[in-house]
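Chemist: One structure, as structure tokens, below. Some questions next.
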Amino acid sequence: MLMLNVKKLLSALVVLACSGLACLRAANPGDEVIIVYNTRVPESRGVADYYAQRRLVPTNQIFGFALSTNENMSRADFRDDLQKPLAKTLAEKKLWQIGPSIVHATTNHLGRVDWKVLQSKIRYAVLCYGIPLRIEPDPNFKEEGMEKLRPEMRRDEAAVDSELTLLPLIEQKLPLAGPLRNPVYTSTNEAMLHPTNGVLLVTRLDGPTPAIARGLVDKALQAEADGLWGRAYFDLRNITEPGYKMGDDWIRGAYEICRHLGFETVVDENPGTFPAGFPMSHIAIYIGWYDGSVSGPFTQPNVEFMPGAFAYHIHSYSAATLRSADQNWVGPLLAKGATITMGCVNEPYLSGTPDVAVFTGRLIVLGFSFGEAACACQPVLSWQTTVVGDPLYRPFGKNPDQLQKELESRGSKLVEWSYLRVINLNQAVGKPTAELVALLEQLETTKHSAVLSEKLGDLYAAQGKPSSTVYMYQQALQLEPSPQQRIRLLLTLAEKLAALNREQEAYEDLQKLLQDFPNYPDKLSIYRKLLSLSQKLDKKADAERYMAEINLLSPPPPKPQGTNDARLSDHTPNRSP
């Protein structure tokens with residue numbers, strides 16, 4: 001007997017999703033935003049105007065400054081050409097007010113007067129394409145008290161974004177050596193993320209080209225209207241070394257959040273990153289580490305990022321440049337279609353990088369905007385993190401029931417993902433597989449959806465029904481799957497068919513894969529499978545041909561590997577504002 005019908009399961013989705021703060025809350029208005037562009041880069045003003053138009057930012061909150069046209073700028077230029085002029089402009093425009101604030105004495109601290117932002121009409125700053133990325137180190141830098149820091153922290157370079165986040169505290173003459181503790185790290189109250197609490201929410205619209213930078217707001221708005229749908233991929237290293245385990249723990253935490261909130265999740269616990277041939281379809285979220293430059297599926301010509309997708313790869317120099325579409329990580333991820341991301345402009349050490357478990361919890365569970373979630377997840381500021389994307393982007397701001405009805409009323413194909421999330425939510429809380437199978441079997445949408453048909457096949461597999469599994473995967477192949485989903489289905493089908501002693505069908509599926517995807521990056525593994533099957537099927541000529549291909553493609557024996565030059569470690573920044 002069917003225990004749960006569609007309406008009951010959708011109710012479960014609403015209850016779980018509304019357990020946080022996401023329900024019935026609109027994105028922050030554009031009048032809380034200032035936009036900053038470089039007057040020496042014509043495209044910078046174009047991105048600024050475009051963003052203002054799309055997000056209804058008042059024109060008197062768009063500010064241009066004459067800055068370096070390079071990605072780097074000196075500390076002096078940052079201070080004199082951007083930091084001080086911007087703070088002065090905000091005060092003159094009455095967008096915020098800086099004044100004295102009395103901090104009363106406590107048992108351990110004397111009383112004092114701090115100059116800080118007392119009132120502010122704005123919360124966000126958007127830096128546009130052409131604004132320098134990095135503040136260069138001053139070779140003659142010296143500062144009182146810096147000798148107390150670890151040697152690797154006695155430096156003053158930083159990401160422009162991260163330094164500007166503390167602009168509300170400009171009158172406090174904060175130290176520059178090393179990072180500063182983020183006063184709102186792990187905050188669960190979005191009202192705390194405000195200049196009156198010492199932080200300006202800074203992100204940038206940037207990337208390899210101005211068109212990519214402009215497109216970030218378009219994709220964000222599309223995802224706000226339609227929802228952020230797709231699959232979530234997590235690339236762990238399965239590492240136990242204390243100095244690095246924290247990175248795995250963060251990613252594993254993000255995975256658990258996404259799994260319990262209905263995403264179809266994929267976890268790789270191998271030391272290396274996802275291989276190039278891994279069929280990464282419908283990417284809504286990607287979080288991984290630790291390659292020095294873009295690798296695996298993200299090197300392929302087409303990457304299946306969904307509108308609104310978040311992609312992040314932990315590495316010391318992931319954002320050493322944003323101008324390249326094939327170097328480091330941030331630029332290539334943006335070029336391939338990611339909507340929001342973060343990265344490091346210089347060596348931050350692991351504890352000085354964003355905590356992605358905190359980020360996903362705020363973005364997905366609490367319904368924070370991207371700018372809020374990105375700020376709340378950074379343990380330190382005045383350091384190396386750059387945040388790229390529309391800060392107002394709030395992918396989980398709509399009531400799930402309302403969104404479901406909107407998609408249905410528009411006849412949107414995305415409704416299949418809403419049903420999939422319902423299934424996954426109930427699967428995560430332990431609902432019997434038989435009930436979920438019964439739901440998908442009676443759901444009309446399943447008959448027309450490659451996404452839901454594949455999921456039904458997965459559930460049949462969990463029930464130990466191999467023939468039904470094969471049937472549903474074959475049905476999914478007939479329902480216009482995405483290219484990467486098609487590759488995954490063909491690969492999985494070949495394995496399932498071979499296990500059922502249906503070698504001829506498995507053989508044909510693998511041949512079909514090579515025929516449909518002649519540039520598939522891992523042909524070697526396919527040829528090896530075809531060789532084994534051709535031998536079982538007594539196809540001698542084919543076996544000889546596949547053996548020749550294997551010999552041609554097989555790499556030489558690996559050389560001894562050196563040490564990875566990335567230096568993320570457990571060094572803990574130790575100064576506070």
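Residue numbering restarts at 1 for every chain of the structure tokens, chains are lettered A, B, ... in their displayed order, and ligands are numbered from 1 as they appear.
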Got a sec: who's within 10 Å of A:Met246, counting only C-alpha atoms, leaving out chain neighbours fewer than 5 positions off, as an MDAnalysis selection string?
Modeler: chainID A and resid 239:241 251:252 350:351 355 569:570
Chemist: Take the residues from that selection and write them out as a PDB file, in the first residue's frame, keeping N, CA, C and O atoms.
Modeler:
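What landed in result.pdb:
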```pdb
ATOM      1  N   ILE A 239      41.932  12.390   4.023  1.00  0.00           N
ATOM      2  CA  ILE A 239      43.233  12.630   4.630  1.00  0.00           C
ATOM      3  C   ILE A 239      43.095  12.650   6.152  1.00  0.00           C
ATOM      4  O   ILE A 239      42.091  13.114   6.694  1.00  0.00           O
ATOM      5  N   THR A 240      44.095  12.113   6.839  1.00  0.00           N
ATOM      6  CA  THR A 240      44.066  12.063   8.307  1.00  0.00           C
ATOM      7  C   THR A 240      45.122  12.957   8.940  1.00  0.00           C
ATOM      8  O   THR A 240      45.096  13.163  10.149  1.00  0.00           O
ATOM      9  N   GLU A 241      46.039  13.495   8.149  1.00  0.00           N
ATOM     10  CA  GLU A 241      47.079  14.350   8.698  1.00  0.00           C
ATOM     11  C   GLU A 241      46.446  15.559   9.376  1.00  0.00           C
ATOM     12  O   GLU A 241      45.647  16.278   8.770  1.00  0.00           O
ATOM     13  N   ILE A 251      34.503  20.003   4.034  1.00  0.00           N
ATOM     14  CA  ILE A 251      33.809  19.522   2.837  1.00  0.00           C
ATOM     15  C   ILE A 251      32.798  18.444   3.200  1.00  0.00           C
ATOM     16  O   ILE A 251      31.678  18.410   2.669  1.00  0.00           O
ATOM     17  N   ARG A 252      33.170  17.570   4.125  1.00  0.00           N
ATOM     18  CA  ARG A 252      32.232  16.524   4.544  1.00  0.00           C
ATOM     19  C   ARG A 252      30.999  17.147   5.215  1.00  0.00           C
ATOM     20  O   ARG A 252      29.868  16.684   5.041  1.00  0.00           O
ATOM     21  N   LEU A 350      45.533  26.933   5.556  1.00  0.00           N
ATOM     22  CA  LEU A 350      44.197  26.342   5.523  1.00  0.00           C
ATOM     23  C   LEU A 350      43.225  27.027   6.476  1.00  0.00           C
ATOM     24  O   LEU A 350      42.074  27.298   6.124  1.00  0.00           O
ATOM     25  N   SER A 351      43.659  27.320   7.690  1.00  0.00           N
ATOM     26  CA  SER A 351      42.747  27.915   8.657  1.00  0.00           C
ATOM     27  C   SER A 351      42.365  29.348   8.304  1.00  0.00           C
ATOM     28  O   SER A 351      41.454  29.917   8.923  1.00  0.00           O
ATOM     29  N   ASP A 355      35.321  28.466   5.444  1.00  0.00           N
ATOM     30  CA  ASP A 355      34.775  27.220   5.975  1.00  0.00           C
ATOM     31  C   ASP A 355      33.522  26.896   5.160  1.00  0.00           C
ATOM     32  O   ASP A 355      32.470  27.500   5.348  1.00  0.00           O
ATOM     33  N   SER A 569      48.155  24.791   5.255  1.00  0.00           N
ATOM     34  CA  SER A 569      48.479  23.988   6.427  1.00  0.00           C
ATOM     35  C   SER A 569      47.625  24.416   7.594  1.00  0.00           C
ATOM     36  O   SER A 569      46.651  25.143   7.452  1.00  0.00           O
ATOM     37  N   ASP A 570      48.016  23.969   8.768  1.00  0.00           N
ATOM     38  CA  ASP A 570      47.220  24.247   9.950  1.00  0.00           C
ATOM     39  C   ASP A 570      47.652  25.497  10.688  1.00  0.00           C
ATOM     40  O   ASP A 570      47.250  25.713  11.824  1.00  0.00           O
TER      41      ASP A 570
END
```
Chemist: How would you write, as an MDAnalysis selection string, the set of residues in stretch 480-523 of chain A that DSSP gives as alpha helix (DSSP H)?
Modeler: chainID A and resid 483:499 503:516 523
Chemist: Would you give me, as a list in words, the residues in stretch 282-369 of chain A that DSSP reads as strand (DSSP E)?
Modeler: Ile283, Ala284, Ile285, Tyr286, Ile287, Gly288, Trp289, Phe305, Met306, Pro307, Gly308, Ala309, Phe310, Ala311, Tyr312, His313, Ile314, Thr341, Met342, Gly343 and Cys344 of chain A
Chemist: Any chance you could tabulate, as CSV, the residues of stretch 391-483 of chain A at most 12 Å from stretch 119-130 of chain A with each one's nearest atom pair and distance in Å to one decimal, using only C-alpha atoms, in chain and rising number order?
Modeler:
```
residue,atom,partner,partner_atom,distance
A:Pro391,CA,A:Tyr124,CA,7.1
A:Leu392,CA,A:Tyr124,CA,8.2
A:Tyr393,CA,A:Tyr124,CA,11.7
```
Chemist: For the residues selected in the previous step, produce a file with all heavy atoms as a tab-separated table (two decimals), in the first residue's frame.
Modeler:
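As written to disk, result-v6.tsv reads:
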```tsv
chain	number	residue	atom	x	y	z
A	391	PRO	N	26.39	39.63	-4.81
A	391	PRO	CA	26.19	39.43	-3.37
A	391	PRO	C	24.73	39.32	-2.97
A	391	PRO	O	24.41	38.77	-1.91
A	391	PRO	CB	26.84	40.68	-2.76
A	391	PRO	CG	26.72	41.73	-3.82
A	391	PRO	CD	26.90	40.97	-5.11
A	392	LEU	N	23.82	39.86	-3.78
A	392	LEU	CA	22.40	39.79	-3.45
A	392	LEU	C	21.76	38.46	-3.81
A	392	LEU	O	20.62	38.18	-3.41
A	392	LEU	CB	21.63	40.90	-4.18
A	392	LEU	CG	21.99	42.34	-3.80
A	392	LEU	CD1	21.10	43.30	-4.57
A	392	LEU	CD2	21.86	42.56	-2.31
A	393	TYR	N	22.49	37.64	-4.54
A	393	TYR	CA	21.96	36.35	-4.99
A	393	TYR	C	21.52	35.50	-3.80
A	393	TYR	O	22.32	35.18	-2.94
A	393	TYR	CB	23.01	35.64	-5.82
A	393	TYR	CG	22.69	34.21	-6.21
A	393	TYR	CD1	21.43	33.85	-6.65
A	393	TYR	CD2	23.68	33.23	-6.15
A	393	TYR	CE1	21.15	32.54	-7.02
A	393	TYR	CE2	23.42	31.92	-6.52
A	393	TYR	CZ	22.15	31.58	-6.95
A	393	TYR	OH	21.88	30.27	-7.31
```
Chemist: Tell me which of A:Trp229, A:Val303, A:Gly262, A:Gly30 sits closest to A:Ile423, counting only C-alpha atoms.
Modeler: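 Distance minimum relative to A:Ile423 lands on A:Gly262.
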Chemist: Report, in Å with one decimal, the straight-line distance from atom CA of A:Val330 to atom CA of A:Val47.
Modeler: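 Between atom CA of A:Val330 and atom CA of A:Val47 the gap is 18.6 Å.
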Chemist: Show which residues sit within 9 Å of A:Phe234, as number ranges by chain. Count only C-alpha atoms, and ignore same-chain residues fewer than 4 positions away.
Modeler: A: 251-252, 254-255, 265-269, 285-288
Chemist: Export, as a PDB file, in the first residue's frame, the selected residues with C-alpha atoms.
Modeler:
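Final output, out.pdb:
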```
ATOM      1  CA  ILE A 251      33.809  19.522   2.837  1.00  0.00           C
ATOM      2  CA  ARG A 252      32.232  16.524   4.544  1.00  0.00           C
ATOM      3  CA  ALA A 254      28.936  20.647   3.427  1.00  0.00           C
ATOM      4  CA  TYR A 255      28.099  17.258   1.917  1.00  0.00           C
ATOM      5  CA  THR A 265      25.043  14.068  -3.860  1.00  0.00           C
ATOM      6  CA  VAL A 266      28.236  12.461  -5.145  1.00  0.00           C
ATOM      7  CA  VAL A 267      31.300  12.036  -2.942  1.00  0.00           C
ATOM      8  CA  ASP A 268      34.811  11.095  -4.068  1.00  0.00           C
ATOM      9  CA  GLU A 269      37.116  10.052  -1.223  1.00  0.00           C
ATOM     10  CA  ILE A 285      27.370  22.613  -6.233  1.00  0.00           C
ATOM     11  CA  TYR A 286      30.998  21.552  -6.515  1.00  0.00           C
ATOM     12  CA  ILE A 287      33.411  21.674  -3.588  1.00  0.00           C
ATOM     13  CA  GLY A 288      36.810  20.035  -3.726  1.00  0.00           C
TER      14      GLY A 288
END
```
Chemist: Counting only C-alpha atoms, which of A:Tyr317, A:Phe359, A:Tyr527, A:Trp250 gets nearest to A:Tyr507?
Modeler: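 Under the stated criterion, the closest residue is A:Tyr527.
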Chemist: Residues of stretch 174-289 of chain A that approach stretch 142-149 of chain A to 12 Å or less, counting only C-alpha atoms: could you list each one with the shortest pair of atoms and its distance in Å to one decimal, rows by chain and increasing residue number, as JSON lines?
Modeler:
```
{"residue": "A:Leu174", "atom": "CA", "partner": "A:Glu143", "partner_atom": "CA", "distance": 10.8}
{"residue": "A:Pro175", "atom": "CA", "partner": "A:Glu143", "partner_atom": "CA", "distance": 7.5}
{"residue": "A:Leu176", "atom": "CA", "partner": "A:Glu143", "partner_atom": "CA", "distance": 7.8}
{"residue": "A:Ala177", "atom": "CA", "partner": "A:Met146", "partner_atom": "CA", "distance": 6.4}
{"residue": "A:Gly178", "atom": "CA", "partner": "A:Leu149", "partner_atom": "CA", "distance": 7.9}
{"residue": "A:Pro179", "atom": "CA", "partner": "A:Leu149", "partner_atom": "CA", "distance": 10.4}
{"residue": "A:Leu180", "atom": "CA", "partner": "A:Leu149", "partner_atom": "CA", "distance": 12.0}
```
Chemist: List the neighbours of A:Leu333 out to 12 Å using only C-alpha atoms; skip same-chain residues closer than 3 positions along the sequence, and give me the result as a ChimeraX atom specification.
Modeler: /A:206-208,212,216,283,285-287,293-305,309-313,318-319,322-330,336-343,388-389
Chemist: Return the single residue from A:Met306, A:Ile314, A:Ala66, A:Leu439 that is closest to A:Gln222, with distances computed using only C-alpha atoms.
Modeler: A:Met306
Chemist: Of the candidates A:Leu86, A:Tyr50, A:Asn140, A:Pro168, which shows the shortest atom-to-atom distance to A:Pro210, using only C-alpha atoms?
Modeler: A:Tyr50
Chemist: Choose the residue, out of A:Asp114, A:Asp31, A:Pro137, A:Met547, that has the smallest atom-to-atom separation from A:Ala76; count only C-alpha atoms.
Modeler: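 Closest candidate: A:Pro137.
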Chemist: Provide the atom CA of A:Gln83 to atom CA of A:Pro100 distance in Å, to one decimal place.
Modeler: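 Computing the Euclidean distance for atom CA of A:Gln83 and atom CA of A:Pro100 yields 20.0 Å.
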Chemist: What does the structure give for the distance between atom CA of A:Pro85 and atom CA of A:Leu67, in Å to one decimal?
Modeler: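 It comes out at 11.5 Å.
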